[in-house]
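K.L.:
One structure, pasted below without further comment.
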Amino acid sequence: MRQLIIQVPRGNGKAVIDIAKSHNGSNLARFEGNAEEPIDVVIVHVSNREVGKVLEELQDLPKVHITLIPTGVIALQPPASEAPQQVVDVEERSPIEIFLSGLQSVGSWQGFLGYASLAGFVVWIGLYTNTTYLLVAAMLIAPFAGPAMNTAIATAWGDRKLLGRSILRYFAALAVTIATTWLLSLILRQEIPTSLMLDSSQISAVAVILPLVAGAAGALTLVQSDRSSLVSGAATGMLVAASLAPPAGIVGMASAIGRWDMAISGLFLLFLQLCGINFSAALLFRVFGLSPQATRYQRGKKRVFTIALTITVIALALLLTWQFSHSPNLQRSSLAQRANAQVQKTVEQVGLAKLVESNVRFTRSNIEDQDTLLSVVYVQRQPQVTASNEEISSRLTQSIQAQLLKQDLNVTPLVDVKVLEPPASKQ
């Protein structure tokens, strides 16, 4: 439920009360006041979904001034036995409130870019020192969620002006974060990628799912009433930033050390995240009624929504086409998992040894014209096998390499099989 404070010229207060009553307003109050001229001040409480309708009807009154309190209130009425039902009757926010909150969140450039720069410092330290929890800290302060969600709001509303401003702020924040990490890598003379950089740059074949989920979660947070969910806005904002902060850091750091393959992977992720977030969030906003036809605030155009969503879908399709047509560069995480499964299956089929552990990954070395897939396999000989350790290792190595080549992964498989012996008392 929301509280509105309405100021109208003296004598129009009753009309405000009537409008509020027609939309099930509660705890209404009217009193006279004096500003530049005599006025009526009316305090009303209406449910979230009725806010937009009330605002539209109030626009017909002369010289109306409206103050919308953008936080939830609990308006209790007798009898006291109905208080529990009045408290749990929570509705989604009205479309106009979502739109206005999006406009309000477009704050000053100084603070916005300052947070982007600080996020760059934190994500650089995390990637450089292989400290995972610092990446989480960077996600908390990175300001990417705001412009990403405002882009979706502008798309759903069809507001070309807000759309342009949101995209500009999105790429400005990314540029500042990338530039910060690039400069730090140059100043501190970083020469090779860290293991966390390598791991974070690995892209999965299902990478598009994260931005789709992040966009939907962010939209639900903005739509839901303040107390209708235990999931905080900070948590969903962190989810959006989780898909953007590490790739931005990788782009800057990889560019500084000349690892353009990693930089391209990071850029791919950044564009994929924006398109995925915008697509799912914009559609969810439309489902909840956010559209140019939902209010008299005629900033939105249906044509802008159609064009923006079409461009988003086309861009998303092109990115996914590029991902699946350039194997293994943009699918390394999934391919490594697939190869690991094949390694374990091959060891079992050969039958000379039992698998102890297998580790399959793409190496950090940048060998020209070669995508190196390194497989380190630890095995223990079967009890009835009399072959030497060298023979077991050789046969398994050949079998694993042959099977990986048959998978058409477009990689160079390098396999190291180590035969381990249990203690003599266990044999």
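A note on labels: chains of the structure tokens are A, B, ... as shown, every chain counts residues from 1, and ligands are counted from 1 in their shown order.
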Do a neighbour search on segment 271-282 of chain A at 6 Å with only C-alpha atoms, toss out local chain neighbours closer than 6 positions, and write the hits as a list in words.

P.N.:
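Answer for this query is Ala152, Ala156, Pro211, Leu212, Gly215, Ala216, Ala219, Thr312 and Leu316 of chain A.
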
K.L.:
Next, dump the selected residues to file, keeping only C-alpha atoms, as a short mmCIF file (atom, residue, chain, number, x, y, z; two decimals), in the first residue's frame.

P.N.:
```cif
data_model
loop_
_atom_site.label_atom_id
_atom_site.label_comp_id
_atom_site.auth_asym_id
_atom_site.auth_seq_id
_atom_site.Cartn_x
_atom_site.Cartn_y
_atom_site.Cartn_z
CA ALA A 152 14.64 -3.13 -19.65
CA ALA A 156 9.00 -2.29 -21.98
CA PRO A 211 21.52 -13.20 -17.73
CA LEU A 212 18.02 -14.49 -18.46
CA GLY A 215 16.94 -10.13 -15.70
CA ALA A 216 13.85 -11.96 -14.49
CA ALA A 219 12.33 -7.35 -12.74
CA THR A 312 17.62 -7.41 -28.58
CA LEU A 316 20.99 -12.40 -28.82
#
```

K.L.:
Which residues are close to Trp182 of chain A, i.e. within 12 Å by only C-alpha atoms, leaving aside same-chain residues fewer than 4 positions away? Reply as a list in words.

P.N.:
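Neighbouring residues, sequence-local ones excluded: Ser117, Gly120, Phe121, Val123, Trp124, Tyr128, Ala175, Val176, Thr177, Ile178, Leu186, Ile187, Leu188, Arg189, Gln190, Ala248, Gly249, Ile250, Val251, Gly252, Met253, Ala254, Ser255, Ala256, Ile257, Gly258 and Ala263 of chain A.
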
K.L.:
Would you write out those residues with N, CA and C atoms, as an mmCIF file, in the first residue's frame?

P.N.:
```cif
data_model
loop_
_atom_site.group_PDB
_atom_site.id
_atom_site.type_symbol
_atom_site.label_atom_id
_atom_site.label_comp_id
_atom_site.auth_asym_id
_atom_site.auth_seq_id
_atom_site.Cartn_x
_atom_site.Cartn_y
_atom_site.Cartn_z
ATOM 1 N N SER A 117 34.550 2.766 -10.874
ATOM 2 C CA SER A 117 35.995 2.735 -10.720
ATOM 3 C C SER A 117 36.398 1.900 -9.509
ATOM 4 N N GLY A 120 36.211 -1.631 -10.219
ATOM 5 C CA GLY A 120 37.360 -2.051 -11.007
ATOM 6 C C GLY A 120 38.556 -2.375 -10.139
ATOM 7 N N PHE A 121 38.814 -1.553 -9.114
ATOM 8 C CA PHE A 121 39.915 -1.829 -8.188
ATOM 9 C C PHE A 121 39.719 -3.170 -7.483
ATOM 10 N N VAL A 123 37.704 -5.770 -8.276
ATOM 11 C CA VAL A 123 37.715 -6.946 -9.142
ATOM 12 C C VAL A 123 39.128 -7.234 -9.633
ATOM 13 N N TRP A 124 39.947 -6.190 -9.822
ATOM 14 C CA TRP A 124 41.333 -6.413 -10.236
ATOM 15 C C TRP A 124 42.114 -7.120 -9.127
ATOM 16 N N TYR A 128 43.704 -10.723 -9.641
ATOM 17 C CA TYR A 128 45.164 -10.749 -9.609
ATOM 18 C C TYR A 128 45.691 -11.646 -8.493
ATOM 19 N N ALA A 175 33.101 0.809 -19.303
ATOM 20 C CA ALA A 175 34.344 1.392 -19.813
ATOM 21 C C ALA A 175 35.250 1.834 -18.664
ATOM 22 N N VAL A 176 34.665 2.432 -17.627
ATOM 23 C CA VAL A 176 35.464 2.879 -16.483
ATOM 24 C C VAL A 176 36.063 1.676 -15.760
ATOM 25 N N THR A 177 35.275 0.632 -15.542
ATOM 26 C CA THR A 177 35.782 -0.563 -14.873
ATOM 27 C C THR A 177 36.886 -1.228 -15.686
ATOM 28 N N ILE A 178 36.673 -1.337 -16.994
ATOM 29 C CA ILE A 178 37.677 -1.944 -17.868
ATOM 30 C C ILE A 178 38.957 -1.104 -17.862
ATOM 31 N N LEU A 186 48.841 -2.557 -16.145
ATOM 32 C CA LEU A 186 50.016 -1.926 -16.753
ATOM 33 C C LEU A 186 50.958 -1.362 -15.692
ATOM 34 N N ILE A 187 50.390 -0.670 -14.717
ATOM 35 C CA ILE A 187 51.219 -0.027 -13.693
ATOM 36 C C ILE A 187 51.997 -1.063 -12.878
ATOM 37 N N LEU A 188 51.331 -2.169 -12.538
ATOM 38 C CA LEU A 188 51.967 -3.194 -11.710
ATOM 39 C C LEU A 188 52.627 -4.286 -12.555
ATOM 40 N N ARG A 189 52.719 -4.067 -13.848
ATOM 41 C CA ARG A 189 53.490 -4.911 -14.758
ATOM 42 C C ARG A 189 53.070 -6.381 -14.733
ATOM 43 N N GLN A 190 51.791 -6.579 -14.816
ATOM 44 C CA GLN A 190 51.303 -7.956 -14.928
ATOM 45 C C GLN A 190 51.697 -8.512 -16.296
ATOM 46 N N ALA A 248 34.126 -7.785 -17.113
ATOM 47 C CA ALA A 248 34.685 -6.450 -17.347
ATOM 48 C C ALA A 248 36.128 -6.388 -16.875
ATOM 49 N N GLY A 249 36.404 -6.968 -15.707
ATOM 50 C CA GLY A 249 37.771 -6.998 -15.206
ATOM 51 C C GLY A 249 38.688 -7.802 -16.106
ATOM 52 N N ILE A 250 38.189 -8.909 -16.619
ATOM 53 C CA ILE A 250 39.004 -9.754 -17.497
ATOM 54 C C ILE A 250 39.333 -9.035 -18.795
ATOM 55 N N VAL A 251 38.389 -8.284 -19.348
ATOM 56 C CA VAL A 251 38.644 -7.541 -20.585
ATOM 57 C C VAL A 251 39.806 -6.574 -20.397
ATOM 58 N N GLY A 252 39.783 -5.806 -19.297
ATOM 59 C CA GLY A 252 40.849 -4.842 -19.059
ATOM 60 C C GLY A 252 42.185 -5.495 -18.806
ATOM 61 N N MET A 253 42.221 -6.511 -17.949
ATOM 62 C CA MET A 253 43.475 -7.159 -17.597
ATOM 63 C C MET A 253 44.048 -7.952 -18.767
ATOM 64 N N ALA A 254 43.180 -8.658 -19.504
ATOM 65 C CA ALA A 254 43.653 -9.442 -20.650
ATOM 66 C C ALA A 254 44.183 -8.539 -21.755
ATOM 67 N N SER A 255 43.550 -7.384 -21.939
ATOM 68 C CA SER A 255 44.039 -6.435 -22.951
ATOM 69 C C SER A 255 45.416 -5.910 -22.588
ATOM 70 N N ALA A 256 45.639 -5.691 -21.304
ATOM 71 C CA ALA A 256 46.927 -5.145 -20.860
ATOM 72 C C ALA A 256 48.072 -6.118 -21.093
ATOM 73 N N ILE A 257 47.812 -7.427 -21.014
ATOM 74 C CA ILE A 257 48.877 -8.418 -21.181
ATOM 75 C C ILE A 257 48.860 -9.059 -22.564
ATOM 76 N N GLY A 258 48.004 -8.563 -23.446
ATOM 77 C CA GLY A 258 47.982 -9.055 -24.815
ATOM 78 C C GLY A 258 47.291 -10.384 -25.015
ATOM 79 N N ALA A 263 40.203 -11.478 -23.796
ATOM 80 C CA ALA A 263 39.489 -10.204 -23.899
ATOM 81 C C ALA A 263 38.234 -10.357 -24.748
#
```

K.L.:
Tell me, as a count of residues only, which residues lie within 12 Å of Asn359 of chain A, counting only C-alpha atoms; anything in the same chain fewer than 4 positions away does not count.

P.N.:
23

K.L.:
Residues near Asn34 of chain A, anyone? I mean within 12 Å using only C-alpha atoms, not counting same-chain ones fewer than 3 positions away, as a PyMOL selection string.

P.N.:
chain A and resi 7-10+31+37-41

K.L.:
For the contact check between segment 163-273 of chain A and segment 322-327 of chain A, emit one row per residue of segment 163-273 of chain A within 12 Å, containing the shortest atom pair and the distance in Å rounded to one decimal, counting only C-alpha atoms, chain then rising number order, as a tab-separated table.

P.N.:
```
residue	atom	partner	partner_atom	distance
A:Ile203	CA	A:Gln323	CA	9.2
A:Ser204	CA	A:Gln323	CA	9.6
A:Ala205	CA	A:Phe324	CA	7.7
A:Val206	CA	A:Gln323	CA	10.3
A:Ala207	CA	A:Gln323	CA	9.9
A:Val208	CA	A:Gln323	CA	10.3
A:Asp261	CA	A:His326	CA	11.9
A:Ile264	CA	A:Gln323	CA	11.4
A:Ser265	CA	A:Gln323	CA	9.7
A:Phe268	CA	A:Gln323	CA	8.6
A:Leu269	CA	A:Gln323	CA	10.2
A:Leu272	CA	A:Gln323	CA	10.1
```

K.L.:
Export all heavy atoms of the chosen residues as a tab-separated table (two decimals), in the first residue's frame?

P.N.:
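Contents of result.tsv, as written:
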```tsv
chain	number	residue	atom	x	y	z
A	203	ILE	N	33.86	-19.95	-20.84
A	203	ILE	CA	32.44	-19.74	-21.11
A	203	ILE	C	31.75	-21.08	-21.31
A	203	ILE	O	32.26	-21.95	-22.03
A	203	ILE	CB	32.25	-18.86	-22.35
A	203	ILE	CG1	32.92	-17.50	-22.15
A	203	ILE	CG2	30.77	-18.66	-22.67
A	203	ILE	CD1	32.85	-16.60	-23.36
A	204	SER	N	30.61	-21.23	-20.71
A	204	SER	CA	29.83	-22.45	-20.85
A	204	SER	C	28.85	-22.31	-22.01
A	204	SER	O	28.45	-21.21	-22.40
A	204	SER	CB	29.07	-22.74	-19.55
A	204	SER	OG	28.11	-23.76	-19.73
A	205	ALA	N	28.43	-23.45	-22.54
A	205	ALA	CA	27.43	-23.44	-23.61
A	205	ALA	C	26.08	-22.93	-23.12
A	205	ALA	O	25.24	-22.53	-23.92
A	205	ALA	CB	27.28	-24.85	-24.19
A	206	VAL	N	25.87	-22.97	-21.81
A	206	VAL	CA	24.60	-22.51	-21.23
A	206	VAL	C	24.77	-21.15	-20.55
A	206	VAL	O	24.00	-20.80	-19.65
A	206	VAL	CB	24.04	-23.54	-20.23
A	206	VAL	CG1	23.68	-24.84	-20.94
A	206	VAL	CG2	25.05	-23.82	-19.12
A	207	ALA	N	25.77	-20.36	-20.97
A	207	ALA	CA	26.04	-19.07	-20.34
A	207	ALA	C	24.87	-18.11	-20.46
A	207	ALA	O	24.70	-17.23	-19.62
A	207	ALA	CB	27.29	-18.44	-20.96
A	208	VAL	N	24.05	-18.27	-21.47
A	208	VAL	CA	22.94	-17.35	-21.68
A	208	VAL	C	21.88	-17.47	-20.59
A	208	VAL	O	21.10	-16.53	-20.36
A	208	VAL	CB	22.30	-17.60	-23.06
A	208	VAL	CG1	21.57	-18.94	-23.10
A	208	VAL	CG2	21.34	-16.48	-23.44
A	261	ASP	N	42.43	-13.39	-26.82
A	261	ASP	CA	41.42	-14.43	-26.79
A	261	ASP	C	40.55	-14.31	-25.55
A	261	ASP	O	39.32	-14.45	-25.60
A	261	ASP	CB	42.08	-15.81	-26.86
A	261	ASP	CG	43.07	-16.05	-25.72
A	261	ASP	OD1	43.74	-15.07	-25.30
A	261	ASP	OD2	43.17	-17.19	-25.26
A	264	ILE	N	38.34	-11.11	-25.85
A	264	ILE	CA	37.18	-11.33	-26.71
A	264	ILE	C	36.11	-12.12	-25.96
A	264	ILE	O	34.91	-11.83	-26.07
A	264	ILE	CB	37.61	-12.06	-27.99
A	264	ILE	CG1	38.45	-11.12	-28.87
A	264	ILE	CG2	36.39	-12.54	-28.77
A	264	ILE	CD1	39.04	-11.78	-30.09
A	265	SER	N	36.53	-13.11	-25.18
A	265	SER	CA	35.56	-13.88	-24.39
A	265	SER	C	34.83	-12.98	-23.40
A	265	SER	O	33.61	-13.10	-23.21
A	265	SER	CB	36.28	-15.01	-23.64
A	265	SER	OG	36.85	-15.94	-24.53
A	268	PHE	N	32.38	-10.76	-25.28
A	268	PHE	CA	31.22	-11.58	-25.67
A	268	PHE	C	30.25	-11.72	-24.49
A	268	PHE	O	29.03	-11.56	-24.65
A	268	PHE	CB	31.69	-12.95	-26.13
A	268	PHE	CG	30.57	-13.94	-26.30
A	268	PHE	CD1	29.80	-13.96	-27.45
A	268	PHE	CD2	30.29	-14.86	-25.29
A	268	PHE	CE1	28.76	-14.87	-27.58
A	268	PHE	CE2	29.26	-15.77	-25.42
A	268	PHE	CZ	28.49	-15.77	-26.58
A	269	LEU	N	30.80	-12.01	-23.31
A	269	LEU	CA	29.94	-12.16	-22.13
A	269	LEU	C	29.21	-10.86	-21.79
A	269	LEU	O	28.03	-10.89	-21.44
A	269	LEU	CB	30.78	-12.61	-20.94
A	269	LEU	CG	31.09	-14.10	-20.84
A	269	LEU	CD1	31.99	-14.38	-19.65
A	269	LEU	CD2	29.82	-14.92	-20.75
A	272	LEU	N	26.41	-10.43	-24.22
A	272	LEU	CA	25.41	-11.48	-23.99
A	272	LEU	C	24.59	-11.17	-22.75
A	272	LEU	O	23.36	-11.36	-22.75
A	272	LEU	CB	26.11	-12.83	-23.83
A	272	LEU	CG	25.20	-14.05	-23.64
A	272	LEU	CD1	24.44	-14.33	-24.94
A	272	LEU	CD2	26.01	-15.28	-23.23
```

K.L.:
Which residue is closest to Ser94 of chain A? Choose from A:Leu168, A:Leu210, A:Val51, A:Ala145 and count only C-alpha atoms.

P.N.:
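Ranking A:Leu168, A:Leu210, A:Val51, A:Ala145 by distance to Ser94 of chain A, first place goes to A:Val51.
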